[in-house]
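Accompanying notes for the structure given below.
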Amino acid sequence: MSRTPASALYWRILGINGLIFTAGTAALAVAPVTVSSLVLLRELPVLVIGLVVMMAANAVLLRASLAPLAGLTALMARLDSLRSGDRLESGRNGDLFHLVDQFNAMLDRLEADRSTSTAVVLDAQEAERRRIAQELHDEIGQSLTVVLLELKSVVNRAPDEVADELRDVQETVRSSLDEVRRVARRLRPGVLDDLGLTSALTALAGDFSEPGGGPRVTRRIQQGLAGIGKDAELVIYRIAQEGLTNVWRHSGARNAELSLTQDDDGQVVLRVADDGEGPPTRVGTGIHGMRERAMLIGARLTIGPADRGGTEVKLVVPPRGVPARNVPPRRPA
């Protein structure tokens with residue numbers, strides 16, 4: 001029969017108890033004490049002390065043997081499927097540490113599978129956004145452009161009493177065309193592919209700063225960022241877009257700030273902060289999507305209170321090939 005962790009734990013506990021009983025029997029055999037057939041009162045303390053010593057020794061040895069289970073239970077309780085790197089140390093010898101090794105290996109496999117499946121889903125999502133944006137631009141955009149040109153021709157030939165109404169229709173169509181282009185640009189920003197991340201973020205902040213009752217967005221975007229891959233650029237842009245969308249829709253803020261900086265080590269930090277109502281009380285689909293995107297590039301996403309009392313969304317992107325500094329370390333089992 002092969003030796004499994006369960007059978008090894010069984011034999012370990014049986015051996016510990018056998019060792020305690022053997023030690024107790026040997027101590028009773030060599031100790032200068034006797035027990036009468038009818039236990040006397042003066043003999044009771046000796047028996048009680050011996051029982052306490054055996055139980056204490058048994059408790060200490062069992063606690064040391066079962067200690068990895070406490071760490072394993074704590075890890076299972078705090079485990080977050082979107083936060084990678086939280087593992088238990090398993091360098092010591094022992095049967096339960098084999099269980100810890102297997103649990104860590106299972107987490108590695110689950111995170112790898114999740115990263116792969118998430119990447120596939122997000123790639124498909126970006127492809128669908130690109131297709132819809134292209135159709136909006138080519139089909140609906142061009143159709144509205146033709147309608148504008150025909151309206152212009154009709155306005156020039158219409159009587160004065162009808163021309164004013166036609167001009168109002170013309171402005172409505174022009175506004176619809178601008179909105180279609182804005183939606184297409186948000187679905188797939190061509191400026192991100194053509195001019196890069198900094199220009200795309202500048203345009204994004206400008207879109208959200210347009211008149212319409214929303215907060216005033218100030219931007220602080222560092223130029224000349226280096227070492228950012230295409231995947232990281234797209235993740236940064238999408239998280240900035242989702243963050244500003246949440247500010248616009250839910251925060252009730254009057255001011256917001258979008259910043260992108262890079263330190264001397266090549267680490268890129270994106271911040272979206274506002275002076276609104278504060279962090280959300282529950283995690284919605286938007287926040288969940290941001291966390292999934294951050295996980296794909298090994299970045300850390302935090303959402304918490306801002307200095308001005310609102311909400312701050314912070315994304316820390318490590319240099320390519322370098323793991324994030326603040327990934328939770330392995331904890332002792």
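Lettering and numbering for the structure tokens are positional, with chains as A, B, ... in the shown order, residues counted from 1 in each chain, and ligands counted from 1 in the shown order.
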Open item on the list: What parts of segment 198-288 of chain A does DSSP call helix (DSSP H, G or I)? I'd like the answer as a ChimeraX atom specification.
Closed with: /A:198-208,230-251,285-288
Each residue of segment 190-277 of chain A with at least one atom at most 9 Å from segment 302-312 of chain A should appear once, together with its nearest atom pair and the corresponding distance in Å (one decimal); atoms considered: only C-alpha atoms; ordering: chain, then increasing residue number; output as a Markdown table.
```
| residue | atom | partner | partner_atom | distance |
| --- | --- | --- | --- | --- |
| A:Gly243 | CA | A:Glu312 | CA | 8.9 |
| A:Val247 | CA | A:Thr311 | CA | 8.5 |
| A:Ser251 | CA | A:Gly310 | CA | 7.8 |
| A:Ala253 | CA | A:Gly310 | CA | 7.7 |
| A:Arg271 | CA | A:Glu312 | CA | 6.8 |
| A:Val272 | CA | A:Glu312 | CA | 5.7 |
| A:Ala273 | CA | A:Glu312 | CA | 4.2 |
| A:Asp274 | CA | A:Gly310 | CA | 5.2 |
| A:Asp275 | CA | A:Gly310 | CA | 4.1 |
| A:Gly276 | CA | A:Gly310 | CA | 4.4 |
| A:Glu277 | CA | A:Gly310 | CA | 5.4 |
```
Task: Pick from A:Lys230, A:Arg216, A:Arg167, A:Arg129, whichever lies nearest to Ala184 of chain A using only C-alpha atoms - done: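 Of all the options, A:Arg129 lies closest to Ala184 of chain A.
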Task: Coordinates-based distance that separates atom CA of Ala133 of chain A from atom CA of Val217 of chain A (Å, one decimal) - done: 25.0 Å
Open item on the list: So that I can see what lies close to Val235 of chain A, please list as number ranges by chain the residues with an atom at most 9 Å from it, counting only C-alpha atoms and leaving out residues fewer than 6 positions away in the same chain.
Closed with: A: 290, 293-294, 296-297
Using N, CA and C atoms, can you write the selected residues to a file as a tab-separated table (two decimals), in the first residue's frame?
```
chain	number	residue	atom	x	y	z
A	290	MET	N	-11.74	45.64	-13.67
A	290	MET	CA	-10.46	46.31	-13.50
A	290	MET	C	-9.46	45.39	-12.79
A	293	ARG	N	-8.15	42.78	-15.20
A	293	ARG	CA	-7.16	43.31	-16.14
A	293	ARG	C	-5.81	43.54	-15.45
A	294	ALA	N	-5.85	44.05	-14.23
A	294	ALA	CA	-4.60	44.27	-13.51
A	294	ALA	C	-3.87	42.95	-13.27
A	296	LEU	N	-3.76	40.41	-15.14
A	296	LEU	CA	-3.16	39.90	-16.37
A	296	LEU	C	-1.72	40.37	-16.56
A	297	ILE	N	-1.41	41.58	-16.12
A	297	ILE	CA	-0.06	42.12	-16.33
A	297	ILE	C	0.75	42.13	-15.04
```
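Among A:Asn255, A:Gln142, A:Asn246, A:Gln267, the residue with the shortest atom-to-atom distance to Pro280 of chain A, counting only C-alpha atoms, is A:Asn246.
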Open item on the list: Just list as JSON, numbers by chain whatever in segment 78-294 of chain A DSSP marks as strand (DSSP E or B).
Closed with: {"A": [88, 216, 217, 218, 219, 220, 221, 255, 256, 257, 258, 259, 260, 261, 262, 268, 269, 270, 271, 272, 273, 274]}
Task: Best match for closeness to Gly15 of chain A among A:Val162, A:Leu61, A:Val53, A:Ala299, counting only C-alpha atoms - done: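 Using only C-alpha atoms, Gly15 of chain A sits closest to A:Leu61.
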Task: 12 Å contact set for Val154 of chain A, only C-alpha atoms, chain neighbours under 3 positions out, as a list in words - done: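 That gives Val147, Leu148, Leu149, Glu150, Leu151, Arg157, Ala158, Pro159, Asp160, Val162, Ala163, Asp164, Glu165, Leu166, Arg167, Val169 and Gln170 of chain A.
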Task: Minimum-distance residue to Leu244 of chain A, chosen among A:Val313, A:Ala232, A:Val121, A:Leu301 (using only C-alpha atoms) - done: A:Val313
TODO: Compare A:Gln223, A:Ile236, A:Met295, A:Gly266 by their minimum atom-to-atom distance to Lys314 of chain A, counting only C-alpha atoms, and give me the closest one.
DONE: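 Of A:Gln223, A:Ile236, A:Met295, A:Gly266, the one nearest Lys314 of chain A, counting only C-alpha atoms, is A:Ile236.
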Task: Straight-line distance linking atom CA of Pro279 of chain A with atom CA of His250 of chain A, stated in Å to one decimal - done: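 Calculated distance between atom CA of Pro279 of chain A and atom CA of His250 of chain A is 10.1 Å.
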- [ ] Measuring atom to atom with only C-alpha atoms, identify which of A:Leu99, A:Ala23, A:Gly298, A:Val146 is nearest to Ala112 of chain A.
- [x]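 Of A:Leu99, A:Ala23, A:Gly298, A:Val146, the one nearest Ala112 of chain A is A:Gly298, counting only C-alpha atoms.
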